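Asks: What follows is query-v8.pdb, PDB, C-alpha atoms and all ligand atoms.
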```pdb
MODEL        1
ATOM      1  CA  MET A 892       0.000   0.000   0.000
ATOM      2  CA  THR A 893       1.448   3.385  -0.960
ATOM      3  CA  ILE A 894       1.606   6.324   1.415
ATOM      4  CA  PHE A 895      -1.026   8.015  -0.760
ATOM      5  CA  SER A 896      -3.346   5.008  -0.444
ATOM      6  CA  LYS A 897      -2.928   5.324   3.330
ATOM      7  CA  ILE A 898      -4.014   8.968   3.037
ATOM      8  CA  VAL A 899      -7.034   7.882   0.958
ATOM      9  CA  ALA A 900      -7.882   5.267   3.600
ATOM     10  CA  GLY A 901      -7.496   7.822   6.414
ATOM     11  CA  GLU A 902      -4.676   5.808   7.968
ATOM     12  CA  ILE A 903      -2.318   8.781   7.907
ATOM     13  CA  PRO A 904      -3.400  12.406   8.099
ATOM     14  CA  ALA A 905      -3.319  14.910   5.262
ATOM     15  CA  TYR A 906      -4.907  18.288   4.650
ATOM     16  CA  LYS A 907      -7.549  17.365   2.109
ATOM     17  CA  VAL A 908      -8.516  20.058  -0.374
ATOM     18  CA  ALA A 909     -11.169  18.228  -2.384
ATOM     19  CA  GLU A 910     -12.428  14.709  -2.906
ATOM     20  CA  THR A 911     -14.624  12.752  -5.298
ATOM     21  CA  ILE A 912     -15.397   9.042  -5.515
ATOM     22  CA  ASP A 913     -12.333   8.493  -7.712
ATOM     23  CA  TYR A 914      -9.938  11.349  -6.884
ATOM     24  CA  LEU A 915      -8.362  13.213  -3.976
ATOM     25  CA  ALA A 916      -6.516  16.531  -3.719
ATOM     26  CA  PHE A 917      -4.393  17.309  -0.658
ATOM     27  CA  LEU A 918      -1.572  19.608   0.401
ATOM     28  CA  ASP A 919       1.962  18.387  -0.189
ATOM     29  CA  ILE A 920       3.693  17.718   3.142
ATOM     30  CA  ASN A 921       6.887  19.356   1.875
ATOM     31  CA  PRO A 922       5.579  22.158  -0.357
ATOM     32  CA  LEU A 923       7.729  23.733  -3.048
ATOM     33  CA  ALA A 924       5.550  26.829  -2.643
ATOM     34  CA  GLU A 925       2.601  27.796  -0.439
ATOM     35  CA  GLY A 926      -0.512  26.027  -1.670
ATOM     36  CA  HIS A 927       1.326  23.132  -3.342
ATOM     37  CA  VAL A 928      -1.351  20.509  -3.928
ATOM     38  CA  LEU A 929      -1.154  16.910  -5.096
ATOM     39  CA  VAL A 930      -4.032  15.395  -7.035
ATOM     40  CA  ILE A 931      -4.276  11.635  -7.207
ATOM     41  CA  PRO A 932      -6.544   8.861  -8.380
ATOM     42  CA  LYS A 933      -7.683   6.827  -5.381
ATOM     43  CA  LYS A 934      -6.910   3.705  -7.376
ATOM     44  CA  GLU A 935      -3.344   2.643  -6.665
ATOM     45  CA  VAL A 936      -1.497   2.891  -9.968
ATOM     46  CA  ASP A 937       2.241   3.553 -10.079
ATOM     47  CA  TYR A 938       2.672   6.028 -12.911
ATOM     48  CA  LEU A 939       0.327   8.630 -14.362
ATOM     49  CA  PHE A 940       0.486   7.173 -17.850
ATOM     50  CA  ASP A 941      -0.325   3.698 -16.500
ATOM     51  CA  LEU A 942      -3.893   4.916 -15.800
ATOM     52  CA  ASP A 943      -6.590   3.751 -18.181
ATOM     53  CA  ASP A 944      -7.934   6.491 -20.435
ATOM     54  CA  GLU A 945     -11.098   7.058 -18.430
ATOM     55  CA  LEU A 946      -9.341   7.540 -15.083
ATOM     56  CA  TYR A 947      -6.559   9.545 -16.733
ATOM     57  CA  THR A 948      -8.996  11.944 -18.403
ATOM     58  CA  GLY A 949     -11.009  12.303 -15.211
ATOM     59  CA  LEU A 950      -7.862  13.074 -13.245
ATOM     60  CA  GLN A 951      -6.902  15.812 -15.704
ATOM     61  CA  ILE A 952     -10.367  17.370 -15.417
ATOM     62  CA  PHE A 953     -10.196  17.137 -11.616
ATOM     63  CA  ALA A 954      -6.716  18.734 -11.678
ATOM     64  CA  LYS A 955      -8.042  21.564 -13.852
ATOM     65  CA  ILE A 956     -10.853  22.262 -11.367
ATOM     66  CA  ILE A 957      -8.428  22.260  -8.437
ATOM     67  CA  ALA A 958      -5.889  24.455 -10.261
ATOM     68  CA  THR A 959      -8.638  26.976 -10.998
ATOM     69  CA  ALA A 960      -9.604  27.030  -7.312
ATOM     70  CA  ILE A 961      -5.953  27.435  -6.241
ATOM     71  CA  LYS A 962      -5.542  30.366  -8.640
ATOM     72  CA  LYS A 963      -8.526  32.063  -6.999
ATOM     73  CA  ALA A 964      -7.322  31.337  -3.467
ATOM     74  CA  ILE A 965      -3.641  32.164  -3.789
ATOM     75  CA  PRO A 966      -2.286  35.173  -5.693
ATOM     76  CA  CYS A 967       0.084  33.787  -8.292
ATOM     77  CA  LYS A 968       1.053  34.237 -11.899
ATOM     78  CA  ARG A 969       0.521  30.611 -12.818
ATOM     79  CA  VAL A 970      -0.372  27.334 -11.166
ATOM     80  CA  GLY A 971       2.492  25.153 -12.322
ATOM     81  CA  VAL A 972       1.686  21.573 -13.300
ATOM     82  CA  ALA A 973       4.295  18.884 -12.825
ATOM     83  CA  VAL A 974       4.523  15.130 -13.068
ATOM     84  CA  ILE A 975       7.574  13.773 -11.257
ATOM     85  CA  GLY A 976       6.860  10.522  -9.448
ATOM     86  CA  LEU A 977      10.376   9.797  -8.253
ATOM     87  CA  GLU A 978       9.421   9.444  -4.593
ATOM     88  CA  VAL A 979       5.921   8.022  -4.350
ATOM     89  CA  PRO A 980       4.904   5.188  -6.715
ATOM     90  CA  HIS A 981       1.275   6.303  -6.872
ATOM     91  CA  ALA A 982       0.157   8.393  -9.852
ATOM     92  CA  HIS A 983      -0.116  12.076  -8.981
ATOM     93  CA  ILE A 984       0.019  15.584 -10.414
ATOM     94  CA  HIS A 985       1.719  18.460  -8.610
ATOM     95  CA  LEU A 986      -0.107  21.818  -8.725
ATOM     96  CA  ILE A 987       2.220  24.583  -7.563
ATOM     97  CA  PRO A 988       1.297  28.272  -7.310
ATOM     98  CA  LEU A 989       4.187  30.215  -8.846
ATOM     99  CA  ASN A 990       5.208  33.757  -9.576
ATOM    100  CA  ARG A 991       8.723  33.061 -10.845
ATOM    101  CA  MET A 992      10.920  30.035 -11.397
ATOM    102  CA  SER A 993      12.966  30.890  -8.314
ATOM    103  CA  ASP A 994       9.861  30.128  -6.226
ATOM    104  CA  ILE A 995      10.661  26.452  -6.651
ATOM    105  CA  ASN A 996      13.767  24.869  -5.287
ATOM    106  CA  PHE A 997      14.050  21.340  -6.641
TER     107      PHE A 997
HETATM  108  P1  LIG B1001       7.306  12.687  -6.435
HETATM  109  O1  LIG B1001       6.930  11.250  -6.227
HETATM  110  O2  LIG B1001       6.439  13.375  -7.470
HETATM  111  O3  LIG B1001       8.764  12.853  -6.724
HETATM  112  O4  LIG B1001       7.059  13.466  -5.074
HETATM  113  C1  LIG B1001       6.097  13.037  -4.155
HETATM  114  C2  LIG B1001       5.564  14.224  -3.369
HETATM  115  O5  LIG B1001       4.761  13.702  -2.334
HETATM  116  C3  LIG B1001       6.639  15.105  -2.704
HETATM  117  O6  LIG B1001       6.452  16.464  -3.087
HETATM  118  C4  LIG B1001       6.415  14.888  -1.213
HETATM  119  O7  LIG B1001       6.628  16.045  -0.437
HETATM  120  C5  LIG B1001       4.961  14.424  -1.153
HETATM  121  N1  LIG B1001       4.702  13.516  -0.047
HETATM  122  C6  LIG B1001       5.432  12.416   0.284
HETATM  123  N2  LIG B1001       4.918  11.796   1.354
HETATM  124  C7  LIG B1001       3.829  12.536   1.723
HETATM  125  C8  LIG B1001       2.878  12.400   2.776
HETATM  126  O8  LIG B1001       2.915  11.496   3.606
HETATM  127  N3  LIG B1001       1.897  13.347   2.845
HETATM  128  C9  LIG B1001       1.809  14.371   1.940
HETATM  129  N4  LIG B1001       0.811  15.247   2.097
HETATM  130  N5  LIG B1001       2.694  14.527   0.928
HETATM  131  C10 LIG B1001       3.698  13.620   0.830
ENDMDL
END
```
What do you get writing this file as structure tokens?
Replies:
Amino acid sequence: MTIFSKIVAGEIPAYKVAETIDYLAFLDINPLAEGHVLVIPKKEVDYLFDLDDELYTGLQIFAKIIATAIKKAIPCKRVGVAVIGLEVPHAHIHLIPLNRMSDINF
């Protein structure tokens, strides 16, 4: 079970931003900028592009809704979108409010 599945199951805490039957958005525990959100499918799939087309498309639509809400809530030039997946083997999209590239410190 991935750490993100444990968050979905409520076994470890996270600050949840939004939730549907299939998807969850929550704050990153180690944010690259204030308001850094992760959006995930609840189904445990390793890599984003391993998702079937239906779940993948739904996740992108969910991410778009969350990014729009972040943009309203946090003053920023752009909500950056990133797919990394080096640490947690559970498909996810990073949404990071940004004003300039120096806001993020990879
Ligand atoms: P990636 O897999 O895309 O390289 O990075 C995984 C992201 O998940 C990191 O930004 C990291 O801070 C975040 N993360 C890892 N473990 C937890 C956790 O237990 N809770 C939350 N909220 N975020 C986590």
Asks: Please measure the separation of atom CA of Ile975 of chain A and atom CA of Val936 of chain A, giving the value in Å to one decimal.
Replies: 14.2 Å
Asks: Can you find the residues with an atom no farther than 9 Å from (-5.4, 7.7, -8.1), counting all atoms listed in the file, and report them as a ChimeraX atom specification?
Replies: /A:895-896,913-915,930-937,939,942,946-947,950,981-983
Asks: Expand the PyMOL selection byres (((not hetatm)) within 12 of (chain B and resi 1001)) into the explicit residue set it covers here, and present it as an MDAnalysis selection string.
Replies: chainID A and resid 893:899 901:908 915:924 926:931 937:939 972:987 995:997
Asks: Please provide as a tab-separated table (two decimals) with C-alpha atoms, in the frame of the given file all residues within 8 Å of Lys968 of chain A, with the sequence filter that same-chain residues fewer than 3 positions apart are discarded (counting all atoms listed in the file).
Replies:
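Saved the output as out04.tsv:
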```tsv
chain	number	residue	atom	x	y	z
A	988	PRO	CA	1.30	28.27	-7.31
A	989	LEU	CA	4.19	30.22	-8.85
A	990	ASN	CA	5.21	33.76	-9.58
A	991	ARG	CA	8.72	33.06	-10.84
```
Asks: What does the structure give for the distance between atom CA of Ile956 of chain A and atom CA of Met992 of chain A, in Å to one decimal?
Replies: 23.1 Å
Asks: Work out how far apart atom CA of Asp943 of chain A and atom CA of Ile912 of chain A are and give it in Å to one decimal.
Replies: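 Calculated distance between atom CA of Asp943 of chain A and atom CA of Ile912 of chain A is 16.3 Å.
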Asks: Assuming 6 Å of padding per side, give the centre and edge lengths of the axis-aligned box around every listed atom of segment 950-960 of chain A, in Å to one decimal and as JSON.
Replies:
```
{"center_x": -8.4, "center_y": 20.1, "center_z": -11.5, "size_x": 17.0, "size_y": 26.0, "size_z": 20.4}
```
Asks: Give the answer as one residue: which of A:Ala900, A:Ile965, A:Glu910, A:Met892 has the shortest atom-to-atom distance to Phe953 of chain A, using only C-alpha atoms?
Replies: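 Once distances to Phe953 of chain A are computed over only C-alpha atoms, the minimum belongs to A:Glu910.
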